[in-house]
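Beneath this line is the structure, given in structure tokens, with notes to follow.
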Amino acid sequence: MAAEISILICEDQTLMRQGLRTILELEPGMKVIGEAADGEEAVKRYQELHAEHHEPDIILMDIEMPHMNGVQATAALIKSSPEAHIIILTTFDYEDYVFDAIKAGAMGYLLKDVPATELMATIHKVHAGEPFIQPKIANKLLIEFGRQGRSPKAPSTLRTSPEEELSPREIEILKLLAEGASNRKIAERLVLAEGTVKNHVSNILSKLQLENRTQAAHLARERKLL
């Protein structure tokens, strides 16, 4: 039997937060292990869970929250824990919000009006290391970028041959990143210290001029390194 997917809910509206918890806990194989009512609390709660070695597999993050919004919280979490898998779940489909959230390191972006089945499917995809943006949001974003004559910096435009840039060990780690493995899991698989893995990940991002693990995973898949 597959291990449960543990989830941290970050949502400032109590009714919405409680509703999400109820829906998720009715889904086999999913378990809510924490809640936060604002961005600052989200970062603090994640750090507490991480210190207890119970860091969540998935973080559901609202955008508009007091003290620290979802984009800021996402950036803070990815900076301290690059392996965090964050899905933005919000009522806002503004292009800037979407782009800023993905740039910050979010692996998924959904609107709150999605059916529960689509939310569950997205959680499973992101947990497996596959980034996902709700199609109607992605289409709107592409149209807007086309209209403005600009495009987001995509991993495919950054480097053409990651194999030529990286050492064999770094390529090995990049493959595991694309599978959604955390630094701890990579360390266990390759029999390395977690700090060593963290250094390798930083080197990979620097060499390939990438901003986060999500872009690295995209690049590995595009270059068929898996």
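The chains in the structure tokens are called A, B, ... from first to last as shown; in each chain the residues are counted from 1, and the ligands are counted from 1 in the order shown.
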Closest atom pairs, residues of region 7-60 of chain A within 12 Å of region 95-119 of chain A, only C-alpha atoms, as a tab-separated table:
```
residue	atom	partner	partner_atom	distance
A:Glu11	CA	A:Lys112	CA	11.3
A:Met16	CA	A:Lys112	CA	9.5
A:Arg17	CA	A:Lys112	CA	11.5
A:Gly19	CA	A:Ala116	CA	11.1
A:Leu20	CA	A:Ala116	CA	9.3
A:Arg21	CA	A:Ala116	CA	11.9
A:Thr22	CA	A:Ala116	CA	11.3
A:Ile23	CA	A:Ala116	CA	7.6
A:Leu24	CA	A:Ala116	CA	8.7
A:Glu25	CA	A:Ala116	CA	11.9
A:Leu26	CA	A:Ala116	CA	10.8
A:Glu27	CA	A:Ala116	CA	9.7
A:Met30	CA	A:Leu119	CA	12.0
A:Ile58	CA	A:Met107	CA	9.8
A:Ile59	CA	A:Ala106	CA	9.4
A:Leu60	CA	A:Gly108	CA	9.2
```
Okay, now the selection with C-alpha atoms, as a PDB file, in the first residue's frame?
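The resulting file, part33.pdb, is shown below:
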```pdb
ATOM      1  CA  GLU A  11      -5.706  29.472   4.046  1.00  0.00           C
ATOM      2  CA  MET A  16     -12.591  27.285   3.542  1.00  0.00           C
ATOM      3  CA  ARG A  17      -9.731  25.793   5.548  1.00  0.00           C
ATOM      4  CA  GLY A  19     -13.828  22.498   4.251  1.00  0.00           C
ATOM      5  CA  LEU A  20     -10.545  21.586   2.586  1.00  0.00           C
ATOM      6  CA  ARG A  21      -9.507  19.511   5.578  1.00  0.00           C
ATOM      7  CA  THR A  22     -12.797  17.588   5.464  1.00  0.00           C
ATOM      8  CA  ILE A  23     -12.561  16.938   1.716  1.00  0.00           C
ATOM      9  CA  LEU A  24      -8.929  15.856   1.875  1.00  0.00           C
ATOM     10  CA  GLU A  25      -9.325  13.567   4.848  1.00  0.00           C
ATOM     11  CA  LEU A  26     -12.206  11.782   3.123  1.00  0.00           C
ATOM     12  CA  GLU A  27      -9.822  10.932   0.281  1.00  0.00           C
ATOM     13  CA  MET A  30      -4.301  11.683   2.065  1.00  0.00           C
ATOM     14  CA  ILE A  58       2.217  18.924  -0.286  1.00  0.00           C
ATOM     15  CA  ILE A  59       1.449  22.500   0.787  1.00  0.00           C
ATOM     16  CA  LEU A  60      -1.844  24.014  -0.387  1.00  0.00           C
TER      17      LEU A  60
END
```
With a distance cut-off of 12 Å and only C-alpha atoms, select the neighbouring residues of Glu179 (chain A), excluding the residue or stretch itself and same-chain residues fewer than 3 positions from it, and output the selection as a PDB file with all heavy atoms, in the first residue's frame.
```pdb
ATOM      1  N   GLU A  83      12.981  21.520  -1.482  1.00  0.00           N
ATOM      2  CA  GLU A  83      12.247  20.314  -1.851  1.00  0.00           C
ATOM      3  C   GLU A  83      10.744  20.436  -1.622  1.00  0.00           C
ATOM      4  O   GLU A  83       9.975  19.531  -1.975  1.00  0.00           O
ATOM      5  CB  GLU A  83      12.773  19.107  -1.063  1.00  0.00           C
ATOM      6  CG  GLU A  83      12.494  19.144   0.433  1.00  0.00           C
ATOM      7  CD  GLU A  83      13.538  19.910   1.229  1.00  0.00           C
ATOM      8  OE1 GLU A  83      14.350  20.629   0.630  1.00  0.00           O
ATOM      9  OE2 GLU A  83      13.528  19.795   2.465  1.00  0.00           O
ATOM     10  N   HIS A  85       6.916  20.988  -1.990  1.00  0.00           N
ATOM     11  CA  HIS A  85       6.000  20.893  -3.129  1.00  0.00           C
ATOM     12  C   HIS A  85       4.767  21.745  -2.821  1.00  0.00           C
ATOM     13  O   HIS A  85       3.935  21.351  -2.000  1.00  0.00           O
ATOM     14  CB  HIS A  85       5.583  19.440  -3.370  1.00  0.00           C
ATOM     15  CG  HIS A  85       6.653  18.604  -4.012  1.00  0.00           C
ATOM     16  ND1 HIS A  85       7.990  18.762  -3.734  1.00  0.00           N
ATOM     17  CD2 HIS A  85       6.575  17.606  -4.931  1.00  0.00           C
ATOM     18  CE1 HIS A  85       8.688  17.891  -4.453  1.00  0.00           C
ATOM     19  NE2 HIS A  85       7.858  17.185  -5.187  1.00  0.00           N
ATOM     20  N   LYS A 125      -0.218  14.513  -8.959  1.00  0.00           N
ATOM     21  CA  LYS A 125       0.768  14.880  -9.977  1.00  0.00           C
ATOM     22  C   LYS A 125       1.957  15.606  -9.364  1.00  0.00           C
ATOM     23  O   LYS A 125       3.117  15.274  -9.627  1.00  0.00           O
ATOM     24  CB  LYS A 125       0.118  15.767 -11.043  1.00  0.00           C
ATOM     25  CG  LYS A 125      -0.825  15.043 -11.991  1.00  0.00           C
ATOM     26  CD  LYS A 125      -1.461  16.015 -12.970  1.00  0.00           C
ATOM     27  CE  LYS A 125      -2.432  15.311 -13.898  1.00  0.00           C
ATOM     28  NZ  LYS A 125      -3.111  16.265 -14.815  1.00  0.00           N
ATOM     29  N   VAL A 126       1.664  16.611  -8.548  1.00  0.00           N
ATOM     30  CA  VAL A 126       2.733  17.399  -7.939  1.00  0.00           C
ATOM     31  C   VAL A 126       3.537  16.544  -6.962  1.00  0.00           C
ATOM     32  O   VAL A 126       4.766  16.655  -6.884  1.00  0.00           O
ATOM     33  CB  VAL A 126       2.152  18.653  -7.254  1.00  0.00           C
ATOM     34  CG1 VAL A 126       3.220  19.366  -6.441  1.00  0.00           C
ATOM     35  CG2 VAL A 126       1.575  19.601  -8.303  1.00  0.00           C
ATOM     36  N   HIS A 127       2.868  15.674  -6.245  1.00  0.00           N
ATOM     37  CA  HIS A 127       3.571  14.774  -5.330  1.00  0.00           C
ATOM     38  C   HIS A 127       4.552  13.884  -6.088  1.00  0.00           C
ATOM     39  O   HIS A 127       5.626  13.535  -5.575  1.00  0.00           O
ATOM     40  CB  HIS A 127       2.564  13.907  -4.565  1.00  0.00           C
ATOM     41  CG  HIS A 127       3.188  12.979  -3.580  1.00  0.00           C
ATOM     42  ND1 HIS A 127       3.120  11.607  -3.689  1.00  0.00           N
ATOM     43  CD2 HIS A 127       3.914  13.226  -2.455  1.00  0.00           C
ATOM     44  CE1 HIS A 127       3.770  11.047  -2.685  1.00  0.00           C
ATOM     45  NE2 HIS A 127       4.256  11.999  -1.915  1.00  0.00           N
ATOM     46  N   ALA A 128       4.201  13.542  -7.333  1.00  0.00           N
ATOM     47  CA  ALA A 128       5.074  12.710  -8.167  1.00  0.00           C
ATOM     48  C   ALA A 128       6.159  13.531  -8.864  1.00  0.00           C
ATOM     49  O   ALA A 128       6.956  12.996  -9.622  1.00  0.00           O
ATOM     50  CB  ALA A 128       4.239  11.971  -9.203  1.00  0.00           C
ATOM     51  N   GLY A 129       6.161  14.854  -8.599  1.00  0.00           N
ATOM     52  CA  GLY A 129       7.195  15.710  -9.176  1.00  0.00           C
ATOM     53  C   GLY A 129       6.808  16.357 -10.490  1.00  0.00           C
ATOM     54  O   GLY A 129       7.659  16.927 -11.174  1.00  0.00           O
ATOM     55  N   GLU A 130       5.522  16.313 -10.854  1.00  0.00           N
ATOM     56  CA  GLU A 130       5.064  16.865 -12.133  1.00  0.00           C
ATOM     57  C   GLU A 130       4.366  18.213 -11.910  1.00  0.00           C
ATOM     58  O   GLU A 130       3.276  18.262 -11.349  1.00  0.00           O
ATOM     59  CB  GLU A 130       4.099  15.887 -12.805  1.00  0.00           C
ATOM     60  CG  GLU A 130       3.552  16.382 -14.125  1.00  0.00           C
ATOM     61  CD  GLU A 130       2.550  15.418 -14.733  1.00  0.00           C
ATOM     62  OE1 GLU A 130       2.451  14.268 -14.274  1.00  0.00           O
ATOM     63  OE2 GLU A 130       1.844  15.834 -15.675  1.00  0.00           O
ATOM     64  N   PRO A 131       4.951  19.319 -12.329  1.00  0.00           N
ATOM     65  CA  PRO A 131       4.302  20.625 -12.184  1.00  0.00           C
ATOM     66  C   PRO A 131       2.992  20.665 -12.967  1.00  0.00           C
ATOM     67  O   PRO A 131       2.861  20.028 -14.019  1.00  0.00           O
ATOM     68  CB  PRO A 131       5.329  21.602 -12.773  1.00  0.00           C
ATOM     69  CG  PRO A 131       6.628  20.885 -12.691  1.00  0.00           C
ATOM     70  CD  PRO A 131       6.305  19.437 -12.922  1.00  0.00           C
ATOM     71  N   GLU A 172      22.958  12.729 -11.985  1.00  0.00           N
ATOM     72  CA  GLU A 172      22.259  11.723 -11.184  1.00  0.00           C
ATOM     73  C   GLU A 172      21.276  12.394 -10.227  1.00  0.00           C
ATOM     74  O   GLU A 172      20.126  11.959 -10.078  1.00  0.00           O
ATOM     75  CB  GLU A 172      23.303  10.924 -10.400  1.00  0.00           C
ATOM     76  CG  GLU A 172      22.856   9.559  -9.937  1.00  0.00           C
ATOM     77  CD  GLU A 172      24.000   8.746  -9.363  1.00  0.00           C
ATOM     78  OE1 GLU A 172      25.091   9.322  -9.126  1.00  0.00           O
ATOM     79  OE2 GLU A 172      23.801   7.547  -9.133  1.00  0.00           O
ATOM     80  N   ILE A 173      21.718  13.468  -9.596  1.00  0.00           N
ATOM     81  CA  ILE A 173      20.861  14.193  -8.650  1.00  0.00           C
ATOM     82  C   ILE A 173      19.739  14.904  -9.396  1.00  0.00           C
ATOM     83  O   ILE A 173      18.589  14.940  -8.937  1.00  0.00           O
ATOM     84  CB  ILE A 173      21.707  15.186  -7.824  1.00  0.00           C
ATOM     85  CG1 ILE A 173      22.603  14.405  -6.852  1.00  0.00           C
ATOM     86  CG2 ILE A 173      20.819  16.170  -7.066  1.00  0.00           C
ATOM     87  CD1 ILE A 173      23.599  15.255  -6.091  1.00  0.00           C
ATOM     88  N   LEU A 174      20.029  15.461 -10.570  1.00  0.00           N
ATOM     89  CA  LEU A 174      19.002  16.131 -11.367  1.00  0.00           C
ATOM     90  C   LEU A 174      17.888  15.161 -11.742  1.00  0.00           C
ATOM     91  O   LEU A 174      16.705  15.516 -11.710  1.00  0.00           O
ATOM     92  CB  LEU A 174      19.630  16.733 -12.627  1.00  0.00           C
ATOM     93  CG  LEU A 174      18.677  17.462 -13.592  1.00  0.00           C
ATOM     94  CD1 LEU A 174      17.946  18.594 -12.877  1.00  0.00           C
ATOM     95  CD2 LEU A 174      19.453  17.989 -14.790  1.00  0.00           C
ATOM     96  N   LYS A 175      18.240  13.946 -12.079  1.00  0.00           N
ATOM     97  CA  LYS A 175      17.230  12.936 -12.409  1.00  0.00           C
ATOM     98  C   LYS A 175      16.312  12.676 -11.222  1.00  0.00           C
ATOM     99  O   LYS A 175      15.094  12.564 -11.378  1.00  0.00           O
ATOM    100  CB  LYS A 175      17.910  11.635 -12.840  1.00  0.00           C
ATOM    101  CG  LYS A 175      18.626  11.699 -14.180  1.00  0.00           C
ATOM    102  CD  LYS A 175      19.323  10.375 -14.489  1.00  0.00           C
ATOM    103  CE  LYS A 175      20.057  10.436 -15.816  1.00  0.00           C
ATOM    104  NZ  LYS A 175      20.764   9.163 -16.118  1.00  0.00           N
ATOM    105  N   LEU A 176      16.898  12.591 -10.039  1.00  0.00           N
ATOM    106  CA  LEU A 176      16.092  12.348  -8.840  1.00  0.00           C
ATOM    107  C   LEU A 176      15.234  13.560  -8.502  1.00  0.00           C
ATOM    108  O   LEU A 176      14.099  13.419  -8.027  1.00  0.00           O
ATOM    109  CB  LEU A 176      17.003  11.986  -7.665  1.00  0.00           C
ATOM    110  CG  LEU A 176      17.729  10.636  -7.804  1.00  0.00           C
ATOM    111  CD1 LEU A 176      18.730  10.446  -6.673  1.00  0.00           C
ATOM    112  CD2 LEU A 176      16.734   9.494  -7.824  1.00  0.00           C
ATOM    113  N   SER A 182      13.065  14.603  -2.374  1.00  0.00           N
ATOM    114  CA  SER A 182      13.580  15.651  -1.497  1.00  0.00           C
ATOM    115  C   SER A 182      15.084  15.455  -1.313  1.00  0.00           C
ATOM    116  O   SER A 182      15.641  14.410  -1.678  1.00  0.00           O
ATOM    117  CB  SER A 182      12.896  15.575  -0.130  1.00  0.00           C
ATOM    118  OG  SER A 182      13.256  14.375   0.532  1.00  0.00           O
ATOM    119  N   ASN A 183      15.752  16.456  -0.749  1.00  0.00           N
ATOM    120  CA  ASN A 183      17.185  16.322  -0.481  1.00  0.00           C
ATOM    121  C   ASN A 183      17.471  15.106   0.399  1.00  0.00           C
ATOM    122  O   ASN A 183      18.451  14.395   0.202  1.00  0.00           O
ATOM    123  CB  ASN A 183      17.721  17.582   0.201  1.00  0.00           C
ATOM    124  CG  ASN A 183      17.830  18.751  -0.757  1.00  0.00           C
ATOM    125  OD1 ASN A 183      17.641  18.602  -1.958  1.00  0.00           O
ATOM    126  ND2 ASN A 183      18.122  19.926  -0.232  1.00  0.00           N
ATOM    127  N   LYS A 185      15.689  12.314   0.649  1.00  0.00           N
ATOM    128  CA  LYS A 185      15.515  11.082  -0.116  1.00  0.00           C
ATOM    129  C   LYS A 185      16.689  10.857  -1.062  1.00  0.00           C
ATOM    130  O   LYS A 185      17.150   9.727  -1.252  1.00  0.00           O
ATOM    131  CB  LYS A 185      14.207  11.138  -0.902  1.00  0.00           C
ATOM    132  CG  LYS A 185      12.954  11.106  -0.038  1.00  0.00           C
ATOM    133  CD  LYS A 185      12.832   9.787   0.705  1.00  0.00           C
ATOM    134  CE  LYS A 185      11.535   9.732   1.499  1.00  0.00           C
ATOM    135  NZ  LYS A 185      11.441   8.475   2.307  1.00  0.00           N
ATOM    136  N   ILE A 186      17.151  11.946  -1.694  1.00  0.00           N
ATOM    137  CA  ILE A 186      18.307  11.826  -2.591  1.00  0.00           C
ATOM    138  C   ILE A 186      19.527  11.360  -1.807  1.00  0.00           C
ATOM    139  O   ILE A 186      20.283  10.489  -2.264  1.00  0.00           O
ATOM    140  CB  ILE A 186      18.589  13.168  -3.289  1.00  0.00           C
ATOM    141  CG1 ILE A 186      17.435  13.537  -4.235  1.00  0.00           C
ATOM    142  CG2 ILE A 186      19.895  13.110  -4.076  1.00  0.00           C
ATOM    143  CD1 ILE A 186      17.542  14.923  -4.826  1.00  0.00           C
ATOM    144  N   ARG A 213      13.895  24.322  -8.098  1.00  0.00           N
ATOM    145  CA  ARG A 213      13.829  22.892  -8.416  1.00  0.00           C
ATOM    146  C   ARG A 213      12.773  22.587  -9.462  1.00  0.00           C
ATOM    147  O   ARG A 213      12.906  21.632 -10.234  1.00  0.00           O
ATOM    148  CB  ARG A 213      13.533  22.105  -7.139  1.00  0.00           C
ATOM    149  CG  ARG A 213      14.608  22.217  -6.086  1.00  0.00           C
ATOM    150  CD  ARG A 213      14.097  21.743  -4.748  1.00  0.00           C
ATOM    151  NE  ARG A 213      13.991  20.304  -4.667  1.00  0.00           N
ATOM    152  CZ  ARG A 213      14.900  19.524  -4.097  1.00  0.00           C
ATOM    153  NH1 ARG A 213      15.986  20.062  -3.570  1.00  0.00           N
ATOM    154  NH2 ARG A 213      14.737  18.229  -4.032  1.00  0.00           N
ATOM    155  N   THR A 214      11.693  23.375  -9.477  1.00  0.00           N
ATOM    156  CA  THR A 214      10.639  23.146 -10.464  1.00  0.00           C
ATOM    157  C   THR A 214      11.189  23.295 -11.872  1.00  0.00           C
ATOM    158  O   THR A 214      10.924  22.467 -12.757  1.00  0.00           O
ATOM    159  CB  THR A 214       9.482  24.138 -10.248  1.00  0.00           C
ATOM    160  OG1 THR A 214       8.994  24.015  -8.903  1.00  0.00           O
ATOM    161  CG2 THR A 214       8.349  23.864 -11.221  1.00  0.00           C
ATOM    162  N   ALA A 216      14.296  22.988 -12.737  1.00  0.00           N
ATOM    163  CA  ALA A 216      15.251  21.900 -12.954  1.00  0.00           C
ATOM    164  C   ALA A 216      14.518  20.621 -13.370  1.00  0.00           C
ATOM    165  O   ALA A 216      14.970  19.899 -14.272  1.00  0.00           O
ATOM    166  CB  ALA A 216      16.061  21.658 -11.678  1.00  0.00           C
ATOM    167  N   ALA A 217      13.386  20.347 -12.715  1.00  0.00           N
ATOM    168  CA  ALA A 217      12.601  19.158 -13.064  1.00  0.00           C
ATOM    169  C   ALA A 217      12.075  19.254 -14.494  1.00  0.00           C
ATOM    170  O   ALA A 217      12.105  18.282 -15.250  1.00  0.00           O
ATOM    171  CB  ALA A 217      11.441  18.999 -12.078  1.00  0.00           C
ATOM    172  N   HIS A 218      11.596  20.453 -14.872  1.00  0.00           N
ATOM    173  CA  HIS A 218      11.125  20.673 -16.246  1.00  0.00           C
ATOM    174  C   HIS A 218      12.243  20.364 -17.234  1.00  0.00           C
ATOM    175  O   HIS A 218      12.046  19.676 -18.244  1.00  0.00           O
ATOM    176  CB  HIS A 218      10.699  22.134 -16.429  1.00  0.00           C
ATOM    177  CG  HIS A 218       9.276  22.407 -16.089  1.00  0.00           C
ATOM    178  ND1 HIS A 218       8.221  21.782 -16.717  1.00  0.00           N
ATOM    179  CD2 HIS A 218       8.715  23.265 -15.204  1.00  0.00           C
ATOM    180  CE1 HIS A 218       7.086  22.234 -16.229  1.00  0.00           C
ATOM    181  NE2 HIS A 218       7.355  23.135 -15.296  1.00  0.00           N
ATOM    182  N   ALA A 220      14.967  18.570 -16.913  1.00  0.00           N
ATOM    183  CA  ALA A 220      15.344  17.155 -16.955  1.00  0.00           C
ATOM    184  C   ALA A 220      14.361  16.355 -17.803  1.00  0.00           C
ATOM    185  O   ALA A 220      14.768  15.484 -18.584  1.00  0.00           O
ATOM    186  CB  ALA A 220      15.400  16.589 -15.542  1.00  0.00           C
ATOM    187  N   ARG A 221      13.068  16.662 -17.678  1.00  0.00           N
ATOM    188  CA  ARG A 221      12.079  15.948 -18.472  1.00  0.00           C
ATOM    189  C   ARG A 221      12.183  16.311 -19.952  1.00  0.00           C
ATOM    190  O   ARG A 221      12.086  15.450 -20.826  1.00  0.00           O
ATOM    191  CB  ARG A 221      10.672  16.224 -17.941  1.00  0.00           C
ATOM    192  CG  ARG A 221      10.312  15.358 -16.741  1.00  0.00           C
ATOM    193  CD  ARG A 221       8.874  15.524 -16.361  1.00  0.00           C
ATOM    194  NE  ARG A 221       8.634  16.811 -15.727  1.00  0.00           N
ATOM    195  CZ  ARG A 221       8.763  17.030 -14.430  1.00  0.00           C
ATOM    196  NH1 ARG A 221       9.110  16.059 -13.631  1.00  0.00           N
ATOM    197  NH2 ARG A 221       8.535  18.209 -13.916  1.00  0.00           N
ATOM    198  N   LEU A 225      16.185  13.144 -19.517  1.00  0.00           N
ATOM    199  CA  LEU A 225      17.236  12.614 -18.668  1.00  0.00           C
ATOM    200  C   LEU A 225      16.712  11.526 -17.726  1.00  0.00           C
ATOM    201  O   LEU A 225      17.508  10.885 -17.029  1.00  0.00           O
ATOM    202  CB  LEU A 225      17.873  13.733 -17.838  1.00  0.00           C
ATOM    203  CG  LEU A 225      18.609  14.811 -18.626  1.00  0.00           C
ATOM    204  CD1 LEU A 225      19.213  15.834 -17.667  1.00  0.00           C
ATOM    205  CD2 LEU A 225      19.701  14.206 -19.499  1.00  0.00           C
ATOM    206  N   LEU A 226      15.391  11.343 -17.688  1.00  0.00           N
ATOM    207  CA  LEU A 226      14.820  10.364 -16.777  1.00  0.00           C
ATOM    208  C   LEU A 226      15.017   8.947 -17.311  1.00  0.00           C
ATOM    209  O   LEU A 226      15.046   8.751 -18.518  1.00  0.00           O
ATOM    210  CB  LEU A 226      13.331  10.643 -16.551  1.00  0.00           C
ATOM    211  CG  LEU A 226      13.008  12.011 -15.927  1.00  0.00           C
ATOM    212  CD1 LEU A 226      11.515  12.124 -15.705  1.00  0.00           C
ATOM    213  CD2 LEU A 226      13.740  12.178 -14.628  1.00  0.00           C
TER     214      LEU A 226
END
```
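Compared by their closest atoms to Ala178 (chain A), and using only C-alpha atoms, the residues A:Leu219, A:Ala51, A:Leu210, A:Val191 rank with A:Leu219 nearest.
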Give me the residues within 10 Å of Ala42 (chain A) as an MDAnalysis selection string, counting only C-alpha atoms and dropping any in the same chain fewer than 3 places off.
chainID A and resid 8:11 34:39 45:48 59:61 68:70 73:74 76:77
Between CA of Lys31 (chain A) and CA of Glu4 (chain A), what is the spacing in Å?
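For CA of Glu4 (chain A) relative to CA of Lys31 (chain A), the distance reads 6.5 Å.
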Between A:His124, A:His53, A:Lys198, A:Arg189, which residue has the minimum interatomic distance to Ser81 (chain A), considering only C-alpha atoms?
A:Lys198
Which residue, A:Ala84, A:Ile171, A:Leu166, A:Ile204, has the smallest gap to Arg184 (chain A) when you use only C-alpha atoms?
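Of A:Ala84, A:Ile171, A:Leu166, A:Ile204, the one nearest Arg184 (chain A), counting only C-alpha atoms, is A:Ala84.
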DSSP on the backbone, then: every residue of region 39-90 of chain A marked strand (DSSP E), written as a PyMOL selection string.
chain A and resi 58-61+86-90
Considering only C-alpha atoms, can you say which of A:Ile137, A:Ile5, A:Val43, A:Ala121 comes closest to Ser80 (chain A)?
A:Val43
So what do you get for CA of Glu40 (chain A) versus CA of Ile88 (chain A), distance-wise?
15.7 Å
Can you tell me, as a PyMOL selection string, which residues in region 2-117 of chain A count as alpha helix (DSSP H) by DSSP?
chain A and resi 14-25+39-51+70-80+95-104+116-117
